[in-house]
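Visitor: Pasting a structure here, questions to come.
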Amino acid sequence: MTERDIYAGVADKEEGWFVDESAFDVDLELQGGLDSGYHTKNDPRPEHQWHREDVTQRKGAVGIKCNMTDVIHGRLLEDSDEEYATLVVLLFRFDARNNSGNIARAEITIDFFGEDEEDPYSRPEVYDMSFNDALSLVERKQSESVTKGASVTAGLNAAQIAELSGTLQWEKTTAQDIESYTTIVGNTYRRRFEFGGDNQVNWILKENSNFNTGIPVAFRAGVLLKRTDEAPFKCDVKIAVKADVRSSLEDFFGRFKPKDDSVLFNPKAKVSTRKFAAVDPAKLDTENLSQFDLEAVSDVTFLRIHDGAVKRKDT
């Protein structure tokens with residue numbers, strides 16, 4: 001039994017976070033690993049430029065990829081001839097490539113625009129998204145010993161200490177459980193326009209800070225878009241990561257400044273077969289995409305275990 005390798009793709013972050021004592025920021029748009037001095041481009045052949053599967057990727061101290069596993073165009077509502085829809089599913093991979101540290105936090109931002117980015121009426125709107133909430137993924141409890149007591153003898157003479165000794169009471173050591181979580185926060189926003197629906201989705205993945213276990217190694221989410229016509233549109237995918245101090249700055253920062261091409265969509269163009277498609281065609285009605293349950297494609301993976309990797313040889 002073998003486990004398939006999952007290839008995915010990252011664009012990047014315009015603004016970083018302030019550096020604190022426990023982490024530093026990595027802006028993947030401005031700086032990549034030494035092996036990542038290129039950007040992901042669209043196929044120059046007109047018939048192949050749409051719906052790019054390999055959205056982006058970077059390789060350094062950690063490997064970061066994003067694949068667009070599914071693209072389905074259709075109608076939003078069964079009885080509507082004027083509202084169209086597109087379902088997009090994205091798979092993100094965050095792989096530690098050495099033992100020097102983890103990704104403590106990642107922020108994923110996807111902006112959707114019309115073919116003309118400045119036209120507010122041609123942009124698709126976010127109708128629904130996976131993980132549109134503040135979610136605690138894994139609960140872990142840490143047992144912590146606490147000893148309470150008092151020491152007030154400093155500056156007192158022997159008589160005063162003797163007088164107080166009968167009233168001083170020491171509390172015995174107790175154990176208390178501290179609950180902590182790995183979290184995902186998702187939301188939608190309107191960006192670059194002062195009116196209309198939201199055209200941006202945003203997810204923040206944060207590690208369990210008490211255990212420093214890093215963020216999930218894989219994150220898959222769906223976005224359902226509402227469109228007013230069948231015109232082409234596009235999106236930009238940006239990922240910003242915060243690494244803990246155990247990671248090497250030299251491994252993260254490189255000499256290049258790559259920027260990925262926007263992912264182009266065309267509702268009238270055929271979508272190629274996807275290797276890691278997540279949507280079950282039997283559960284999909286392209287004439288009524290509003291009824292599709294995004295939970296069916298939403299997934300978070302912390303650890304993959306290869307079944308059968310341990311083998312015993314009889315002597």
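Identifiers for the structure tokens are assigned positionally: chains receive A, B, ... in sequence, residues are indexed from 1 per chain, and ligands are indexed from 1 in the order shown.
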Identify, on the basis of only C-alpha atoms, every residue whose closest approach to Ala296 of chain A does not exceed 10 Å; exclude the query and any residue fewer than 4 positions from it along the same chain; express the result as a PyMOL selection string.

Guide: chain A and resi 130+221-222+278-280+283+292

Visitor: Can you write just those residues out, C-alpha atoms, as a short mmCIF file (atom, residue, chain, number, x, y, z; two decimals), in the first residue's frame?

Guide:
data_model
loop_
_atom_site.label_atom_id
_atom_site.label_comp_id
_atom_site.auth_asym_id
_atom_site.auth_seq_id
_atom_site.Cartn_x
_atom_site.Cartn_y
_atom_site.Cartn_z
CA SER A 130 -15.74 26.76 4.07
CA ALA A 221 -11.57 24.66 1.53
CA GLY A 222 -14.28 25.57 -0.93
CA ALA A 278 -12.67 16.59 -4.08
CA VAL A 279 -16.19 17.04 -5.44
CA ASP A 280 -18.37 13.96 -5.87
CA LYS A 283 -23.73 15.02 -5.04
CA PHE A 292 -24.04 22.20 -2.48
#

Visitor: Just the residues within 7 Å of Thr228 of chain A, please, counting only C-alpha atoms, with nothing from its chain fewer than 2 positions along; format it as an mmCIF file with C-alpha atoms, in the first residue's frame.

Guide:
data_model
loop_
_atom_site.group_PDB
_atom_site.id
_atom_site.type_symbol
_atom_site.label_atom_id
_atom_site.label_comp_id
_atom_site.auth_asym_id
_atom_site.auth_seq_id
_atom_site.Cartn_x
_atom_site.Cartn_y
_atom_site.Cartn_z
ATOM 1 C CA GLU A 82 -29.725 35.664 -14.311
ATOM 2 C CA GLU A 83 -27.606 34.378 -11.424
ATOM 3 C CA TYR A 84 -24.644 32.179 -12.236
ATOM 4 C CA LYS A 226 -22.147 34.321 -7.387
#

Visitor: What does the distance from atom CA of Arg93 of chain A to atom CA of Gly197 of chain A come to in Å, to one decimal?

Guide: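 Here the two named atoms are 29.2 Å from each other.
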
Visitor: Which distance in Å separates atom CA of Leu90 of chain A and atom CA of Thr69 of chain A, to one decimal?

Guide: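 Straight-line distance from atom CA of Leu90 of chain A to atom CA of Thr69 of chain A works out to 5.7 Å.
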
Visitor: As a list of chain:residue names, please: the residues near segment 266-273 of chain A (cut-off 9 Å, only C-alpha atoms, same-chain neighbours under 5 positions excluded).

Guide: A:Glu47, A:His48, A:Trp50, A:His51, A:Glu53, A:Asp70, A:Val71, A:Ile72, A:His73, A:Gly74, A:Thr86, A:Glu230, A:Ala231, A:Pro232, A:Phe233, A:Lys234

Visitor: Here is a test: counting only C-alpha atoms, which residue of A:Glu78, A:Asn187, A:Ser298, A:Asp293 is nearest to Asp133 of chain A?

Guide: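 That would be A:Asn187, the residue with the smallest distance to Asp133 of chain A.
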
Visitor: Determine the nearest neighbour of Thr301 of chain A from the options A:Asn67, A:Ile215, A:Ala134, A:Arg52, counting only C-alpha atoms.

Guide: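 Nearest candidate to Thr301 of chain A out of A:Asn67, A:Ile215, A:Ala134, A:Arg52: A:Ile215.
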
Visitor: Quick check, in Å to one decimal: how far apart do atom CA of Phe219 of chain A and atom CA of Asp299 of chain A lie?

Guide: 5.9 Å
